[in-house]
Amino acid sequence: MKIKTKIAIWSLATLLAAGFTACKDDDPFSKLTEDSLENTAWTLEKTSEYNESTQKWDVIEVISDITPFATKQFIERKIERVEDYEQEYAIDVAKRELIINSKNRSIVELSSDKLVYDDNENHRFAYKRIPPLLPAKLYGKWEITALEKHDFHSDQWKTGTFEKGYWIQFNKDGSGTNSRKQNCKYSIRCNIVNIDCIYGKSFVVKLTDKELVFLHRYKNTGNYTRETFKKVK
């Protein structure tokens, strides 16, 4: 293949991918920089409180499952969640601090799969990384296998009913459709997929060659839902 032809193909592939902002799939934390958290997604794993008597951190809550309010992504100097929620953030490299809405938080640990920071002198939050959404894995046809509703009071997921045989398809060009014959344009912003039609903003928490799991609120409702799909094509 001629060099000019190779360059043309590479340029075309770059243009096709321009509409998607994918999360990092490498290890960006070997050295702390202002961009160390850019294009990464996280879920809260545990919270701790400082015990002045023992001078140790006591774990006060362990979050065993992914929930809507404990899930966030860092992108374009903003923190986003599945609902309409944004906070500005920055990293002070010299002081090793995470600055959220102008409030400084000391970074305790930052690795490829763990983020720990102190919200103040007495409270500590530990997050684990959500695997990045790789756009190529999303393309294709997916059929629903499970649906759960989030209970705000218990912060637990309750089994719900779903439309058997329902499917949604994602095409490489950002178009899509579903079994209800709705056209579903979509765009990817790190781990959040904005699916035009019934879903709206959806936070992908798991995506493999065979399984897709995302959190969302159906348009114009306040109910959080977690849906699981299997790859069928």
# chains A, B, ... in the order shown; residues from 1 in each chain; ligands from 1
$ select_by_dssp --residues "region 21-231 of chain A" --states "helix (DSSP H, G or I)" --output "PDB file with C-alpha atoms, in the first residue's frame"
ATOM      1  CA  PRO A  68     -26.228   6.736  40.714  1.00  0.00           C
ATOM      2  CA  PHE A  69     -25.062   9.277  43.298  1.00  0.00           C
ATOM      3  CA  ALA A  70     -21.709   7.574  43.920  1.00  0.00           C
ATOM      4  CA  PRO A 135     -16.578   2.731  21.506  1.00  0.00           C
ATOM      5  CA  ALA A 136     -15.779  -0.265  19.292  1.00  0.00           C
ATOM      6  CA  LYS A 137     -17.287  -2.605  21.906  1.00  0.00           C
ATOM      7  CA  LEU A 138     -20.555  -0.664  21.906  1.00  0.00           C
TER       8      LEU A 138
END
$ residues_around --residues "Phe162 (chain A)" --least-positions-apart "5" --cutoff "8 Å" --atoms "only C-alpha atoms" --output "list in words"
Ile144, Ala146 and Leu147 of chain A
$ residues_around --residues "region 114-122 of chain A" --least-positions-apart "2" --cutoff "9 Å" --atoms "only C-alpha atoms" --output "ChimeraX atom specification"
/A:42,48-51,57,97-98,103-112,124-129
$ write_last_selection --atoms "N, CA, C and O atoms" --output "compact mmCIF listing (two decimals), in the first residue's frame"
# COMPACT_ATOMS: atom_id res chain seq x y z
N TRP A 42 -15.36 6.88 37.81
CA TRP A 42 -15.12 6.31 39.14
C TRP A 42 -16.43 6.05 39.87
O TRP A 42 -17.45 6.68 39.59
N SER A 48 -14.48 7.08 55.14
CA SER A 48 -13.83 6.89 56.44
C SER A 48 -13.86 8.20 57.23
O SER A 48 -14.00 9.28 56.66
N GLU A 49 -13.73 8.05 58.54
CA GLU A 49 -13.72 9.19 59.45
C GLU A 49 -12.52 9.10 60.37
O GLU A 49 -12.21 8.01 60.88
N TYR A 50 -11.87 10.23 60.59
CA TYR A 50 -10.66 10.21 61.42
C TYR A 50 -11.02 10.13 62.90
O TYR A 50 -11.87 10.86 63.40
N ASN A 51 -10.39 9.16 63.59
CA ASN A 51 -10.60 8.96 65.02
C ASN A 51 -9.45 9.62 65.77
O ASN A 51 -8.32 9.15 65.74
N TRP A 57 -7.90 6.11 60.75
CA TRP A 57 -9.12 6.31 59.97
C TRP A 57 -10.04 5.11 60.15
O TRP A 57 -9.67 3.98 59.87
N GLU A 97 -3.31 18.34 45.46
CA GLU A 97 -4.68 18.58 45.90
C GLU A 97 -5.65 18.53 44.72
O GLU A 97 -5.32 18.95 43.60
N LEU A 98 -6.85 18.00 44.99
CA LEU A 98 -7.94 18.01 44.05
C LEU A 98 -8.85 19.17 44.45
O LEU A 98 -9.34 19.22 45.58
N LYS A 103 -12.89 24.35 46.35
CA LYS A 103 -12.56 23.78 47.65
C LYS A 103 -11.45 22.74 47.48
O LYS A 103 -11.57 21.82 46.69
N ASN A 104 -10.36 22.91 48.25
CA ASN A 104 -9.20 22.03 48.11
C ASN A 104 -9.36 20.76 48.94
O ASN A 104 -9.76 20.81 50.11
N ARG A 105 -8.99 19.61 48.30
CA ARG A 105 -9.05 18.32 48.97
C ARG A 105 -7.71 17.61 48.75
O ARG A 105 -7.25 17.49 47.62
N SER A 106 -7.11 17.13 49.82
CA SER A 106 -5.80 16.49 49.72
C SER A 106 -5.91 15.12 49.06
O SER A 106 -6.73 14.29 49.48
N ILE A 107 -5.08 14.89 48.04
CA ILE A 107 -5.06 13.58 47.39
C ILE A 107 -4.17 12.65 48.20
O ILE A 107 -2.98 12.90 48.39
N VAL A 108 -4.76 11.57 48.69
CA VAL A 108 -4.03 10.59 49.50
C VAL A 108 -3.39 9.53 48.62
O VAL A 108 -2.25 9.12 48.82
N GLU A 109 -4.15 9.08 47.62
CA GLU A 109 -3.66 8.03 46.72
C GLU A 109 -4.30 8.21 45.36
O GLU A 109 -5.48 8.51 45.23
N LEU A 110 -3.50 8.00 44.32
CA LEU A 110 -4.01 8.08 42.96
C LEU A 110 -3.24 7.08 42.11
O LEU A 110 -2.04 7.22 41.90
N SER A 111 -3.94 6.04 41.67
CA SER A 111 -3.32 5.00 40.86
C SER A 111 -4.22 4.72 39.67
O SER A 111 -5.22 5.41 39.47
N SER A 112 -3.90 3.71 38.90
CA SER A 112 -4.70 3.41 37.71
C SER A 112 -6.11 2.93 38.05
O SER A 112 -7.00 2.98 37.21
N ARG A 124 -12.72 11.01 54.65
CA ARG A 124 -11.93 10.49 53.53
C ARG A 124 -12.83 9.66 52.61
O ARG A 124 -13.66 8.88 53.07
N PHE A 125 -12.62 9.82 51.30
CA PHE A 125 -13.41 9.10 50.31
C PHE A 125 -12.48 8.28 49.41
O PHE A 125 -11.48 8.80 48.90
N ALA A 126 -12.83 7.02 49.22
CA ALA A 126 -12.05 6.12 48.37
C ALA A 126 -12.91 5.67 47.20
O ALA A 126 -14.00 5.12 47.38
N TYR A 127 -12.40 5.89 46.00
CA TYR A 127 -13.10 5.52 44.77
C TYR A 127 -12.33 4.43 44.02
O TYR A 127 -11.09 4.38 44.08
N LYS A 128 -13.06 3.58 43.33
CA LYS A 128 -12.42 2.62 42.43
C LYS A 128 -12.82 2.98 41.01
O LYS A 128 -13.91 3.50 40.75
N ARG A 129 -11.93 2.69 40.09
CA ARG A 129 -12.15 3.11 38.72
C ARG A 129 -13.13 2.19 37.99
O ARG A 129 -13.09 0.96 38.15
$ closest_residue --among "A:Leu134, A:Ile75, A:Val82, A:Val213" --to "Asn194 (chain A)" --atoms "only C-alpha atoms"
A:Val82
$ residues_around --residues "Glu86 (chain A)" --least-positions-apart "6" --cutoff "12 Å" --atoms "only C-alpha atoms" --output "count of residues only"
11
$ residues_around --residues "region 198-209 of chain A" --least-positions-apart "5" --cutoff "10 Å" --atoms "only C-alpha atoms" --output "JSON, numbers by chain"
{"A": [41, 42, 43, 66, 67, 68, 71, 72, 73, 80, 81, 82, 83, 84, 129, 130, 131, 132, 133, 134, 135, 136, 137, 138, 139, 182, 184, 186, 187, 188, 189, 190, 191, 192, 193, 214, 215, 216, 217, 218, 219, 220, 225, 226, 227, 228, 229, 230, 231]}
$ atom_distance --atom1 "CA of Lys149 (chain A)" --atom2 "CA of Tyr224 (chain A)"
6.1 Å
$ closest_residue --among "A:Leu212, A:Ala94, A:Ile195, A:Leu37" --to "Trp142 (chain A)" --atoms "only C-alpha atoms"
A:Leu212
$ atom_distance --atom1 "CA of Gln156 (chain A)" --atom2 "CA of Asp196 (chain A)"
27.2 Å
$ select_by_dssp --residues "region 10-231 of chain A" --states "strand (DSSP E or B)" --output "VMD selection string"
chain A and resid 21 40 to 51 56 to 62 71 to 75 78 to 80 86 to 92 97 to 100 103 to 110 114 to 118 123 to 130 140 to 151 156 to 159 167 to 170 176 to 178 183 186 to 189 192 to 195 200 to 207 211 to 217 224 to 231
$ closest_residue --among "A:Asp151, A:Thr159, A:Ile168, A:Gly174" --to "Gly222 (chain A)" --atoms "only C-alpha atoms"
A:Asp151
$ closest_residue --among "A:Glu148, A:Glu163, A:His123, A:Lys185" --to "Lys56 (chain A)" --atoms "only C-alpha atoms"
A:His123
$ decode --residues "region 133-226 of chain A" --atoms "C-alpha atoms" --output "short mmCIF file (atom, residue, chain, number, x, y, z; two decimals), in the first residue's frame"
data_model
loop_
_atom_site.label_atom_id
_atom_site.label_comp_id
_atom_site.auth_asym_id
_atom_site.auth_seq_id
_atom_site.Cartn_x
_atom_site.Cartn_y
_atom_site.Cartn_z
CA LEU A 133 -16.02 2.70 27.59
CA LEU A 134 -14.34 1.56 24.38
CA PRO A 135 -16.58 2.73 21.51
CA ALA A 136 -15.78 -0.27 19.29
CA LYS A 137 -17.29 -2.60 21.91
CA LEU A 138 -20.56 -0.66 21.91
CA TYR A 139 -21.27 -1.08 18.20
CA GLY A 140 -23.87 -3.72 17.41
CA LYS A 141 -27.20 -5.03 18.62
CA TRP A 142 -28.00 -5.52 22.32
CA GLU A 143 -30.97 -7.29 23.90
CA ILE A 144 -32.18 -6.52 27.43
CA THR A 145 -31.81 -9.25 30.08
CA ALA A 146 -32.45 -7.43 33.37
CA LEU A 147 -33.84 -4.19 34.78
CA GLU A 148 -33.51 -2.77 38.30
CA LYS A 149 -35.00 0.31 39.95
CA HIS A 150 -33.00 2.34 42.45
CA ASP A 151 -34.60 2.82 45.87
CA PHE A 152 -33.58 6.24 47.16
CA HIS A 153 -34.26 5.47 50.84
CA SER A 154 -32.32 2.21 51.03
CA ASP A 155 -29.82 3.13 48.29
CA GLN A 156 -30.37 -0.37 46.89
CA TRP A 157 -31.43 -1.76 43.53
CA LYS A 158 -34.81 -3.52 43.35
CA THR A 159 -35.67 -5.99 40.59
CA GLY A 160 -38.07 -4.53 38.06
CA THR A 161 -39.94 -5.75 35.01
CA PHE A 162 -38.80 -5.18 31.46
CA GLU A 163 -40.03 -5.62 27.92
CA LYS A 164 -38.90 -9.07 26.83
CA GLY A 165 -37.22 -9.08 23.46
CA TYR A 166 -36.47 -5.35 23.62
CA TRP A 167 -33.22 -4.46 21.83
CA ILE A 168 -31.22 -1.41 20.88
CA GLN A 169 -28.58 -1.11 18.17
CA PHE A 170 -25.58 1.25 18.05
CA ASN A 171 -24.00 1.99 14.66
CA LYS A 172 -20.49 3.28 14.08
CA ASP A 173 -21.70 6.62 12.67
CA GLY A 174 -23.58 7.61 15.85
CA SER A 175 -26.98 6.48 14.61
CA GLY A 176 -29.06 3.69 16.09
CA THR A 177 -32.47 2.11 16.37
CA ASN A 178 -34.44 -0.14 18.68
CA SER A 179 -37.15 -2.79 18.59
CA ARG A 180 -39.81 -0.06 18.88
CA LYS A 181 -38.66 1.28 15.51
CA GLN A 182 -37.35 4.48 17.08
CA ASN A 183 -34.35 6.22 15.59
CA CYS A 184 -31.85 6.64 18.43
CA LYS A 185 -28.95 8.95 17.67
CA TYR A 186 -26.26 8.77 20.31
CA SER A 187 -22.99 10.39 21.33
CA ILE A 188 -20.24 9.21 23.67
CA ARG A 189 -18.68 11.44 26.31
CA CYS A 190 -16.21 9.33 28.29
CA ASN A 191 -18.43 6.74 30.06
CA ILE A 192 -21.65 8.65 29.49
CA VAL A 193 -23.67 7.83 26.38
CA ASN A 194 -26.36 10.31 25.48
CA ILE A 195 -28.95 8.14 23.72
CA ASP A 196 -31.57 10.17 21.88
CA CYS A 197 -35.05 8.59 22.13
CA ILE A 198 -36.23 7.11 25.42
CA TYR A 199 -33.00 7.06 27.46
CA GLY A 200 -31.24 10.38 27.37
CA LYS A 201 -28.10 10.49 29.53
CA SER A 202 -26.80 6.99 30.38
CA PHE A 203 -23.72 6.11 32.45
CA VAL A 204 -22.05 2.90 31.22
CA VAL A 205 -20.62 1.02 34.21
CA LYS A 206 -19.76 -2.21 32.39
CA LEU A 207 -19.06 -2.99 28.75
CA THR A 208 -17.52 -6.21 27.47
CA ASP A 209 -17.79 -8.12 24.21
CA LYS A 210 -20.91 -9.82 25.56
CA GLU A 211 -22.48 -7.56 28.21
CA LEU A 212 -23.56 -3.93 28.55
CA VAL A 213 -24.74 -2.36 31.82
CA PHE A 214 -25.76 1.26 32.19
CA LEU A 215 -27.54 3.57 34.64
CA HIS A 216 -29.99 6.19 33.43
CA ARG A 217 -33.21 8.04 34.04
CA TYR A 218 -35.89 7.77 31.42
CA LYS A 219 -36.57 11.15 29.89
CA ASN A 220 -38.81 13.41 31.98
CA THR A 221 -38.79 11.11 35.01
CA GLY A 222 -36.89 11.12 38.29
CA ASN A 223 -36.49 7.35 38.49
CA TYR A 224 -33.00 5.86 38.24
CA THR A 225 -32.78 2.56 36.39
CA ARG A 226 -30.01 0.03 35.79
#
